[in-house]
file coords20.cif (mmCIF, C-alpha atoms, pLDDT in the B column; chains and numbers go by the auth columns)
data_work
#
loop_
_atom_site.group_PDB
_atom_site.id
_atom_site.type_symbol
_atom_site.label_atom_id
_atom_site.label_comp_id
_atom_site.label_asym_id
_atom_site.label_seq_id
_atom_site.Cartn_x
_atom_site.Cartn_y
_atom_site.Cartn_z
_atom_site.B_iso_or_equiv
_atom_site.auth_seq_id
_atom_site.auth_asym_id
ATOM 1 C CA MET A 1 90.389 66.515 79.041 45.00 167 A
ATOM 2 C CA SER A 2 90.403 68.147 82.483 48.00 168 A
ATOM 3 C CA THR A 3 88.649 71.390 83.456 53.00 169 A
ATOM 4 C CA ASN A 4 89.932 74.475 85.224 53.00 170 A
ATOM 5 C CA ALA A 5 88.521 74.397 88.768 51.00 171 A
ATOM 6 C CA ARG A 6 88.292 78.175 88.874 51.00 172 A
ATOM 7 C CA ASN A 7 86.276 78.899 85.769 52.00 173 A
ATOM 8 C CA GLY A 8 85.029 75.463 84.686 58.00 174 A
ATOM 9 C CA ARG A 9 86.535 75.837 81.208 57.00 175 A
ATOM 10 C CA PRO A 10 88.244 72.865 79.597 58.00 176 A
ATOM 11 C CA VAL A 11 92.011 73.005 79.969 56.00 177 A
ATOM 12 C CA GLN A 12 93.570 72.664 76.545 57.00 178 A
ATOM 13 C CA PRO A 13 96.940 70.974 76.161 56.00 179 A
ATOM 14 C CA LEU A 14 99.568 73.657 76.528 73.00 180 A
ATOM 15 C CA GLU A 15 100.919 74.796 73.193 82.00 181 A
ATOM 16 C CA PRO A 16 103.877 77.133 73.290 88.00 182 A
ATOM 17 C CA LEU A 17 103.178 80.794 72.655 91.00 183 A
ATOM 18 C CA ASP A 18 104.737 82.210 69.522 92.00 184 A
ATOM 19 C CA ALA A 19 106.033 85.766 69.101 93.00 185 A
ATOM 20 C CA ILE A 20 102.668 87.027 67.794 95.00 186 A
ATOM 21 C CA ASP A 21 100.802 85.535 70.772 94.00 187 A
ATOM 22 C CA GLU A 22 103.289 87.173 73.131 93.00 188 A
ATOM 23 C CA ARG A 23 102.859 90.564 71.424 94.00 189 A
ATOM 24 C CA LEU A 24 99.066 90.221 71.520 95.00 190 A
ATOM 25 C CA LEU A 25 99.174 89.382 75.230 94.00 191 A
ATOM 26 C CA ALA A 26 101.553 92.235 76.029 91.00 192 A
ATOM 27 C CA ALA A 27 99.272 94.697 74.206 93.00 193 A
ATOM 28 C CA LEU A 28 96.154 93.382 75.974 93.00 194 A
ATOM 29 C CA VAL A 29 97.859 93.575 79.368 90.00 195 A
ATOM 30 C CA ALA A 30 98.887 97.171 78.653 88.00 196 A
ATOM 31 C CA ASP A 31 95.360 98.127 77.525 91.00 197 A
ATOM 32 C CA ALA A 32 92.585 95.539 77.733 92.00 198 A
ATOM 33 C CA ARG A 33 90.199 98.004 76.050 94.00 199 A
ATOM 34 C CA ILE A 34 92.269 98.335 72.891 96.00 200 A
ATOM 35 C CA SER A 35 90.171 97.905 69.754 97.00 201 A
ATOM 36 C CA ASN A 36 90.818 94.895 67.566 97.00 202 A
ATOM 37 C CA LYS A 37 91.892 97.206 64.746 97.00 203 A
ATOM 38 C CA GLN A 38 94.440 98.974 66.986 97.00 204 A
ATOM 39 C CA LEU A 39 95.628 95.635 68.350 97.00 205 A
ATOM 40 C CA ALA A 40 96.196 94.288 64.842 97.00 206 A
ATOM 41 C CA GLU A 41 98.095 97.424 63.805 97.00 207 A
ATOM 42 C CA LEU A 42 100.251 97.325 66.932 96.00 208 A
ATOM 43 C CA VAL A 43 101.168 93.674 66.432 96.00 209 A
ATOM 44 C CA GLY A 44 101.488 93.941 62.650 96.00 210 A
ATOM 45 C CA ILE A 45 98.804 91.450 61.601 97.00 211 A
ATOM 46 C CA ALA A 46 95.428 91.615 59.879 97.00 212 A
ATOM 47 C CA PRO A 47 92.417 92.478 62.075 97.00 213 A
ATOM 48 C CA SER A 48 90.813 89.095 61.274 97.00 214 A
ATOM 49 C CA THR A 49 93.998 87.340 62.419 97.00 215 A
ATOM 50 C CA ALA A 50 94.115 89.401 65.613 97.00 216 A
ATOM 51 C CA LEU A 51 90.504 88.512 66.382 97.00 217 A
ATOM 52 C CA MET A 52 91.017 84.821 65.641 97.00 218 A
ATOM 53 C CA ARG A 53 94.207 84.596 67.704 97.00 219 A
ATOM 54 C CA THR A 54 92.760 86.560 70.634 97.00 220 A
ATOM 55 C CA ARG A 55 89.740 84.249 70.695 96.00 221 A
ATOM 56 C CA ALA A 56 92.053 81.239 70.579 95.00 222 A
ATOM 57 C CA LEU A 57 94.048 82.605 73.532 95.00 223 A
ATOM 58 C CA SER A 58 90.781 82.899 75.476 95.00 224 A
ATOM 59 C CA GLU A 59 89.617 79.414 74.480 95.00 225 A
ATOM 60 C CA ARG A 60 92.966 77.983 75.594 93.00 226 A
ATOM 61 C CA GLY A 61 92.471 79.614 79.005 92.00 227 A
ATOM 62 C CA ILE A 62 95.481 81.908 78.630 92.00 228 A
ATOM 63 C CA VAL A 63 93.342 85.050 78.584 93.00 229 A
ATOM 64 C CA GLN A 64 90.951 84.462 81.467 92.00 230 A
ATOM 65 C CA GLY A 65 89.058 87.731 81.356 91.00 231 A
ATOM 66 C CA TYR A 66 89.245 91.488 81.328 89.00 232 A
ATOM 67 C CA GLU A 67 88.971 93.726 84.382 86.00 233 A
ATOM 68 C CA ALA A 68 88.165 97.293 85.223 86.00 234 A
ATOM 69 C CA LYS A 69 90.695 98.735 87.661 86.00 235 A
ATOM 70 C CA LEU A 70 88.972 101.034 90.144 90.00 236 A
ATOM 71 C CA SER A 71 90.362 103.784 92.332 93.00 237 A
ATOM 72 C CA LEU A 72 89.634 102.379 95.774 95.00 238 A
ATOM 73 C CA SER A 73 89.645 105.827 97.379 94.00 239 A
ATOM 74 C CA ALA A 74 87.196 107.118 94.744 96.00 240 A
ATOM 75 C CA VAL A 75 84.727 104.363 95.655 95.00 241 A
ATOM 76 C CA GLY A 76 85.100 104.958 99.395 96.00 242 A
ATOM 77 C CA ARG A 77 87.453 102.067 100.229 97.00 243 A
ATOM 78 C CA SER A 78 90.747 103.817 100.902 96.00 244 A
ATOM 79 C CA VAL A 79 91.879 101.629 103.827 98.00 245 A
ATOM 80 C CA GLN A 80 93.612 98.503 102.569 98.00 246 A
ATOM 81 C CA ALA A 81 94.963 95.680 104.661 98.00 247 A
ATOM 82 C CA LEU A 82 96.545 92.271 104.361 98.00 248 A
ATOM 83 C CA VAL A 83 95.032 89.825 106.821 98.00 249 A
ATOM 84 C CA ALA A 84 96.967 86.653 107.573 98.00 250 A
ATOM 85 C CA VAL A 85 94.662 83.826 108.656 98.00 251 A
ATOM 86 C CA ARG A 86 95.627 80.608 110.385 97.00 252 A
ATOM 87 C CA LEU A 87 92.922 77.956 110.638 95.00 253 A
ATOM 88 C CA ARG A 88 92.388 75.942 113.826 93.00 254 A
ATOM 89 C CA ALA A 89 92.415 72.593 112.055 89.00 255 A
ATOM 90 C CA HIS A 90 92.992 71.450 108.533 88.00 256 A
ATOM 91 C CA ASP A 91 89.772 69.564 107.991 88.00 257 A
ATOM 92 C CA ARG A 92 88.910 69.461 104.267 93.00 258 A
ATOM 93 C CA ASP A 93 85.252 70.445 104.811 92.00 259 A
ATOM 94 C CA GLN A 94 86.236 73.479 106.881 90.00 260 A
ATOM 95 C CA ILE A 95 88.899 74.515 104.377 92.00 261 A
ATOM 96 C CA ASP A 96 86.411 74.203 101.513 93.00 262 A
ATOM 97 C CA ARG A 97 83.782 76.203 103.420 92.00 263 A
ATOM 98 C CA PHE A 98 86.266 78.967 104.264 95.00 264 A
ATOM 99 C CA THR A 99 87.604 79.035 100.695 95.00 265 A
ATOM 100 C CA ALA A 100 84.082 79.278 99.258 95.00 266 A
ATOM 101 C CA ARG A 101 82.843 81.952 101.689 95.00 267 A
ATOM 102 C CA VAL A 102 85.643 84.434 102.234 96.00 268 A
ATOM 103 C CA PRO A 103 86.516 85.465 98.648 97.00 269 A
ATOM 104 C CA GLN A 104 82.846 86.372 98.106 96.00 270 A
ATOM 105 C CA LEU A 105 82.790 88.941 100.923 96.00 271 A
ATOM 106 C CA PRO A 106 82.503 92.486 99.498 90.00 272 A
ATOM 107 C CA ALA A 107 85.687 93.863 101.089 96.00 273 A
ATOM 108 C CA VAL A 108 87.929 91.075 99.772 98.00 274 A
ATOM 109 C CA LEU A 109 90.054 92.040 96.767 97.00 275 A
ATOM 110 C CA SER A 110 92.205 88.884 96.665 96.00 276 A
ATOM 111 C CA THR A 111 92.505 85.633 98.563 97.00 277 A
ATOM 112 C CA PHE A 112 95.728 83.664 98.606 97.00 278 A
ATOM 113 C CA HIS A 113 95.781 80.089 99.957 96.00 279 A
ATOM 114 C CA THR A 114 99.359 79.801 101.186 96.00 280 A
ATOM 115 C CA SER A 115 101.872 77.489 102.760 94.00 281 A
ATOM 116 C CA GLY A 116 104.017 78.314 105.750 93.00 282 A
ATOM 117 C CA SER A 117 102.937 79.830 109.044 94.00 283 A
ATOM 118 C CA VAL A 118 99.587 81.115 107.721 96.00 284 A
ATOM 119 C CA ASP A 119 96.945 79.350 105.660 96.00 285 A
ATOM 120 C CA TYR A 120 95.434 82.359 103.884 97.00 286 A
ATOM 121 C CA LEU A 121 96.425 85.896 103.085 98.00 287 A
ATOM 122 C CA LEU A 122 93.518 88.224 102.351 98.00 288 A
ATOM 123 C CA HIS A 123 93.818 91.611 100.635 98.00 289 A
ATOM 124 C CA ILE A 124 90.851 93.709 101.694 98.00 290 A
ATOM 125 C CA ALA A 125 89.707 97.297 101.243 98.00 291 A
ATOM 126 C CA VAL A 126 87.270 99.166 103.485 98.00 292 A
ATOM 127 C CA ALA A 127 86.331 102.775 104.187 98.00 293 A
ATOM 128 C CA THR A 128 87.825 103.309 107.668 98.00 294 A
ATOM 129 C CA THR A 129 90.001 101.619 110.254 97.00 295 A
ATOM 130 C CA GLU A 130 86.841 101.100 112.322 98.00 296 A
ATOM 131 C CA ASP A 131 85.331 99.248 109.372 98.00 297 A
ATOM 132 C CA LEU A 132 88.507 97.176 109.175 98.00 298 A
ATOM 133 C CA ARG A 133 88.249 96.234 112.850 98.00 299 A
ATOM 134 C CA ASP A 134 84.559 95.358 112.462 98.00 300 A
ATOM 135 C CA TRP A 135 85.227 93.359 109.295 98.00 301 A
ATOM 136 C CA VAL A 136 87.877 91.233 111.004 98.00 302 A
ATOM 137 C CA LEU A 137 85.657 90.707 114.051 97.00 303 A
ATOM 138 C CA ASP A 138 82.502 89.937 112.067 97.00 304 A
ATOM 139 C CA ASN A 139 84.017 87.753 109.376 97.00 305 A
ATOM 140 C CA LEU A 140 87.070 86.106 110.904 97.00 306 A
ATOM 141 C CA ALA A 141 87.264 86.330 114.685 95.00 307 A
ATOM 142 C CA THR A 142 83.754 84.883 115.060 94.00 308 A
ATOM 143 C CA ASP A 143 84.375 82.072 112.564 94.00 309 A
ATOM 144 C CA PRO A 144 84.993 78.848 114.512 93.00 310 A
ATOM 145 C CA VAL A 145 87.371 77.622 111.788 94.00 311 A
ATOM 146 C CA VAL A 146 89.732 80.582 112.287 96.00 312 A
ATOM 147 C CA GLY A 147 92.400 80.111 114.948 96.00 313 A
ATOM 148 C CA HIS A 148 94.426 83.312 114.504 97.00 314 A
ATOM 149 C CA THR A 149 94.541 86.470 112.408 98.00 315 A
ATOM 150 C CA GLU A 150 97.134 89.170 111.978 98.00 316 A
ATOM 151 C CA THR A 151 96.264 92.399 110.180 98.00 317 A
ATOM 152 C CA THR A 152 98.782 94.616 108.398 98.00 318 A
ATOM 153 C CA LEU A 153 97.793 98.010 106.993 98.00 319 A
ATOM 154 C CA VAL A 154 98.786 98.719 103.400 97.00 320 A
ATOM 155 C CA PHE A 155 100.223 102.211 102.924 97.00 321 A
ATOM 156 C CA GLU A 156 100.698 101.843 99.178 94.00 322 A
ATOM 157 C CA HIS A 157 99.977 99.077 96.669 91.00 323 A
ATOM 158 C CA ILE A 158 102.455 99.074 93.815 90.00 324 A
ATOM 159 C CA GLN A 159 101.261 96.845 90.997 85.00 325 A
ATOM 160 C CA GLY A 160 103.828 94.482 89.514 83.00 326 A
ATOM 161 C CA ASN A 161 104.120 92.980 86.056 78.00 327 A
ATOM 162 C CA ARG A 162 100.754 91.559 85.007 74.00 328 A
ATOM 163 C CA GLY A 163 101.816 90.231 81.667 70.00 329 A
ATOM 164 C CA PRO A 164 103.642 87.291 80.209 67.00 330 A
ATOM 165 C CA LEU A 165 106.888 86.660 81.958 62.00 331 A
ATOM 166 C CA PRO A 166 109.940 85.680 79.929 55.00 332 A
ATOM 167 C CA VAL A 167 110.756 82.001 79.996 52.00 333 A
#
call {"tool": "encode", "arguments": {"input": "coords20.cif", "output": "structure tokens"}}
result
Amino acid sequence: MSTNARNGRPVQPLEPLDAIDERLLAALVADARISNKQLAELVGIAPSTALMRTRALSERGIVQGYEAKLSLSAVGRSVQALVAVRLRAHDRDQIDRFTARVPQLPAVLSTFHTSGSVDYLLHIAVATTEDLRDWVLDNLATDPVVGHTETTLVFEHIQGNRGPLPV
């Protein structure tokens, strides 16, 4: 059995989701803080069944965690940007070092390793445009692995569907 590189959990063979699993997932995506009792009532199953099935979804790696969504402006990080990064060379050691270091930086909300004209797309949030400039200079422009960056300010982030997509 293989393991998920991201969280180290064993990857279970993929079993198809049934209608109850899909309803459980949709309810958890809508409100990850829902109580087990409310979840069971919403889905129309016993609380013990809801608990057992939710645990099974986690053990299978389908539910990978629960998050608190913060107001970036309320925590002093109202300037968001997408930073496209092109590496100088595609040496595996340098890629691994960059991939290990950059997502851990405090301003980074998401890191996407991409194909095409850029190697990475970073979603970051900082307090001011001056902080943005300094962040790019301190963390990317001075990194010998980085060949080019392009920064785009985000005026508004509109969240898409975070739940199970229809097959």
call {"tool": "residues_near_point", "arguments": {"input": "coords20.cif", "point": "(96.1, 78.2, 71.5)", "cutoff": "9 Å", "atoms": "only C-alpha atoms", "output": "PyMOL selection string"}}
result
chain A and resi 178-183+187+219+221-228
call {"tool": "resolve_selection", "arguments": {"input": "coords20.cif", "expression": "the PyMOL selection byres ((chain A and resi 266-269) around 12)", "output": "VMD selection string"}}
result
chain A and resid 172 249 251 259 to 265 270 to 279 286 to 290 301 to 302 304 to 306 309 311 to 312
call {"tool": "write_last_selection", "arguments": {"input": "coords20.cif", "atoms": "C-alpha atoms", "output": "PDB file, in the coordinates of the input"}}
result
ATOM      1  CA  ARG A 172      88.292  78.175  88.874  1.00 51.00           C
ATOM      2  CA  VAL A 249      95.032  89.825 106.821  1.00 98.00           C
ATOM      3  CA  VAL A 251      94.662  83.826 108.656  1.00 98.00           C
ATOM      4  CA  ASP A 259      85.252  70.445 104.811  1.00 92.00           C
ATOM      5  CA  GLN A 260      86.236  73.479 106.881  1.00 90.00           C
ATOM      6  CA  ILE A 261      88.899  74.515 104.377  1.00 92.00           C
ATOM      7  CA  ASP A 262      86.411  74.203 101.513  1.00 93.00           C
ATOM      8  CA  ARG A 263      83.782  76.203 103.420  1.00 92.00           C
ATOM      9  CA  PHE A 264      86.266  78.967 104.264  1.00 95.00           C
ATOM     10  CA  THR A 265      87.604  79.035 100.695  1.00 95.00           C
ATOM     11  CA  GLN A 270      82.846  86.372  98.106  1.00 96.00           C
ATOM     12  CA  LEU A 271      82.790  88.941 100.923  1.00 96.00           C
ATOM     13  CA  PRO A 272      82.503  92.486  99.498  1.00 90.00           C
ATOM     14  CA  ALA A 273      85.687  93.863 101.089  1.00 96.00           C
ATOM     15  CA  VAL A 274      87.929  91.075  99.772  1.00 98.00           C
ATOM     16  CA  LEU A 275      90.054  92.040  96.767  1.00 97.00           C
ATOM     17  CA  SER A 276      92.205  88.884  96.665  1.00 96.00           C
ATOM     18  CA  THR A 277      92.505  85.633  98.563  1.00 97.00           C
ATOM     19  CA  PHE A 278      95.728  83.664  98.606  1.00 97.00           C
ATOM     20  CA  HIS A 279      95.781  80.089  99.957  1.00 96.00           C
ATOM     21  CA  TYR A 286      95.434  82.359 103.884  1.00 97.00           C
ATOM     22  CA  LEU A 287      96.425  85.896 103.085  1.00 98.00           C
ATOM     23  CA  LEU A 288      93.518  88.224 102.351  1.00 98.00           C
ATOM     24  CA  HIS A 289      93.818  91.611 100.635  1.00 98.00           C
ATOM     25  CA  ILE A 290      90.851  93.709 101.694  1.00 98.00           C
ATOM     26  CA  TRP A 301      85.227  93.359 109.295  1.00 98.00           C
ATOM     27  CA  VAL A 302      87.877  91.233 111.004  1.00 98.00           C
ATOM     28  CA  ASP A 304      82.502  89.937 112.067  1.00 97.00           C
ATOM     29  CA  ASN A 305      84.017  87.753 109.376  1.00 97.00           C
ATOM     30  CA  LEU A 306      87.070  86.106 110.904  1.00 97.00           C
ATOM     31  CA  ASP A 309      84.375  82.072 112.564  1.00 94.00           C
ATOM     32  CA  VAL A 311      87.371  77.622 111.788  1.00 94.00           C
ATOM     33  CA  VAL A 312      89.732  80.582 112.287  1.00 96.00           C
TER      34      VAL A 312
END
call {"tool": "residues_around", "arguments": {"input": "coords20.cif", "residues": "stretch 191-207 of chain A", "least_positions_apart": "6", "cutoff": "12 Å", "atoms": "all atoms listed in the file", "output": "ChimeraX atom specification"}}
result
/A:183-185,213-224,228-235,326-332
call {"tool": "resolve_selection", "arguments": {"input": "coords20.cif", "expression": "the PyMOL selection byres ((chain A and resi 295) around 12)", "output": "list in words"}}
result
Arg243, Ser244, Val245, Gln246, Ala247, Ile290, Ala291, Val292, Ala293, Thr294, Glu296, Asp297, Leu298, Arg299, Asp300, Trp301, Val302, Thr317, Thr318, Leu319 and Val320 of chain A
call {"tool": "closest_residue", "arguments": {"input": "coords20.cif", "among": "A:Leu208, A:Ser281, A:Leu248, A:Ala240", "to": "A:His323", "atoms": "all atoms listed in the file"}}
result
A:Leu248
call {"tool": "axis_aligned_box", "arguments": {"input": "coords20.cif", "around": "stretch 229-236 of chain A", "padding_each_side": "5 Å", "output": "JSON"}}
result
{"center_x": 90.8, "center_y": 92.7, "center_z": 84.4, "size_x": 15.2, "size_y": 26.6, "size_z": 21.6}
call {"tool": "atom_distance", "arguments": {"input": "coords20.cif", "atom1": "atom CA of A:Thr315", "atom2": "atom CA of A:Leu238"}}
result
23.5 Å
call {"tool": "atom_distance", "arguments": {"input": "coords20.cif", "atom1": "atom CA of A:Ser283", "atom2": "atom CA of A:Asp257"}}
result
16.7 Å
call {"tool": "atom_distance", "arguments": {"input": "coords20.cif", "atom1": "atom CA of A:Thr280", "atom2": "atom CA of A:Ala307"}}
result
19.3 Å
call {"tool": "closest_residue", "arguments": {"input": "coords20.cif", "among": "A:Val241, A:Val209, A:Arg254, A:Leu190", "to": "A:Pro310", "atoms": "only C-alpha atoms"}}
result
A:Arg254
call {"tool": "decode", "arguments": {"input": "coords20.cif", "residues": "stretch 180-195 of chain A", "atoms": "N, CA, C and O atoms", "output": "CSV table (one decimal), in the first residue's frame"}}
result
chain,number,residue,atom,x,y,z
A,180,LEU,N,-9.3,3.1,-3.8
A,180,LEU,CA,-10.5,4.0,-4.0
A,180,LEU,C,-11.8,3.3,-4.1
A,180,LEU,O,-11.9,2.5,-5.1
A,181,GLU,N,-12.6,3.4,-3.1
A,181,GLU,CA,-14.0,2.8,-3.2
A,181,GLU,C,-14.9,4.0,-3.6
A,181,GLU,O,-14.7,5.1,-3.2
A,182,PRO,N,-15.9,3.7,-4.5
A,182,PRO,CA,-16.8,4.7,-4.9
A,182,PRO,C,-17.6,5.3,-3.7
A,182,PRO,O,-17.9,4.6,-2.7
A,183,LEU,N,-17.9,6.6,-3.8
A,183,LEU,CA,-18.7,7.2,-2.7
A,183,LEU,C,-20.1,6.9,-3.0
A,183,LEU,O,-20.6,6.9,-4.1
A,184,ASP,N,-20.9,6.5,-2.0
A,184,ASP,CA,-22.3,6.3,-2.2
A,184,ASP,C,-23.0,7.7,-1.8
A,184,ASP,O,-22.4,8.7,-1.5
A,185,ALA,N,-24.3,7.6,-2.0
A,185,ALA,CA,-25.1,8.9,-1.8
A,185,ALA,C,-25.0,9.4,-0.4
A,185,ALA,O,-25.0,10.6,-0.2
A,186,ILE,N,-24.9,8.5,0.6
A,186,ILE,CA,-24.8,9.0,2.0
A,186,ILE,C,-23.4,9.7,2.2
A,186,ILE,O,-23.3,10.8,2.8
A,187,ASP,N,-22.3,9.1,1.7
A,187,ASP,CA,-21.0,9.7,1.7
A,187,ASP,C,-21.0,11.1,1.1
A,187,ASP,O,-20.5,12.1,1.6
A,188,GLU,N,-21.7,11.2,-0.1
A,188,GLU,CA,-21.7,12.5,-0.8
A,188,GLU,C,-22.5,13.5,0.0
A,188,GLU,O,-22.1,14.7,0.1
A,189,ARG,N,-23.6,13.1,0.7
A,189,ARG,CA,-24.3,14.0,1.5
A,189,ARG,C,-23.5,14.4,2.8
A,189,ARG,O,-23.6,15.6,3.2
A,190,LEU,N,-22.8,13.5,3.4
A,190,LEU,CA,-22.0,13.8,4.5
A,190,LEU,C,-20.9,14.8,4.1
A,190,LEU,O,-20.7,15.8,4.8
A,191,LEU,N,-20.2,14.6,3.0
A,191,LEU,CA,-19.2,15.5,2.5
A,191,LEU,C,-19.8,16.9,2.2
A,191,LEU,O,-19.1,17.9,2.6
A,192,ALA,N,-20.9,16.9,1.5
A,192,ALA,CA,-21.5,18.2,1.2
A,192,ALA,C,-21.8,19.0,2.5
A,192,ALA,O,-21.6,20.2,2.6
A,193,ALA,N,-22.3,18.3,3.5
A,193,ALA,CA,-22.7,19.0,4.8
A,193,ALA,C,-21.4,19.5,5.5
A,193,ALA,O,-21.4,20.6,6.0
A,194,LEU,N,-20.3,18.7,5.5
A,194,LEU,CA,-19.1,19.1,6.1
A,194,LEU,C,-18.4,20.2,5.4
A,194,LEU,O,-17.8,21.1,6.0
A,195,VAL,N,-18.5,20.2,4.0
A,195,VAL,CA,-17.9,21.3,3.3
A,195,VAL,C,-18.7,22.6,3.6
A,195,VAL,O,-18.1,23.7,3.7
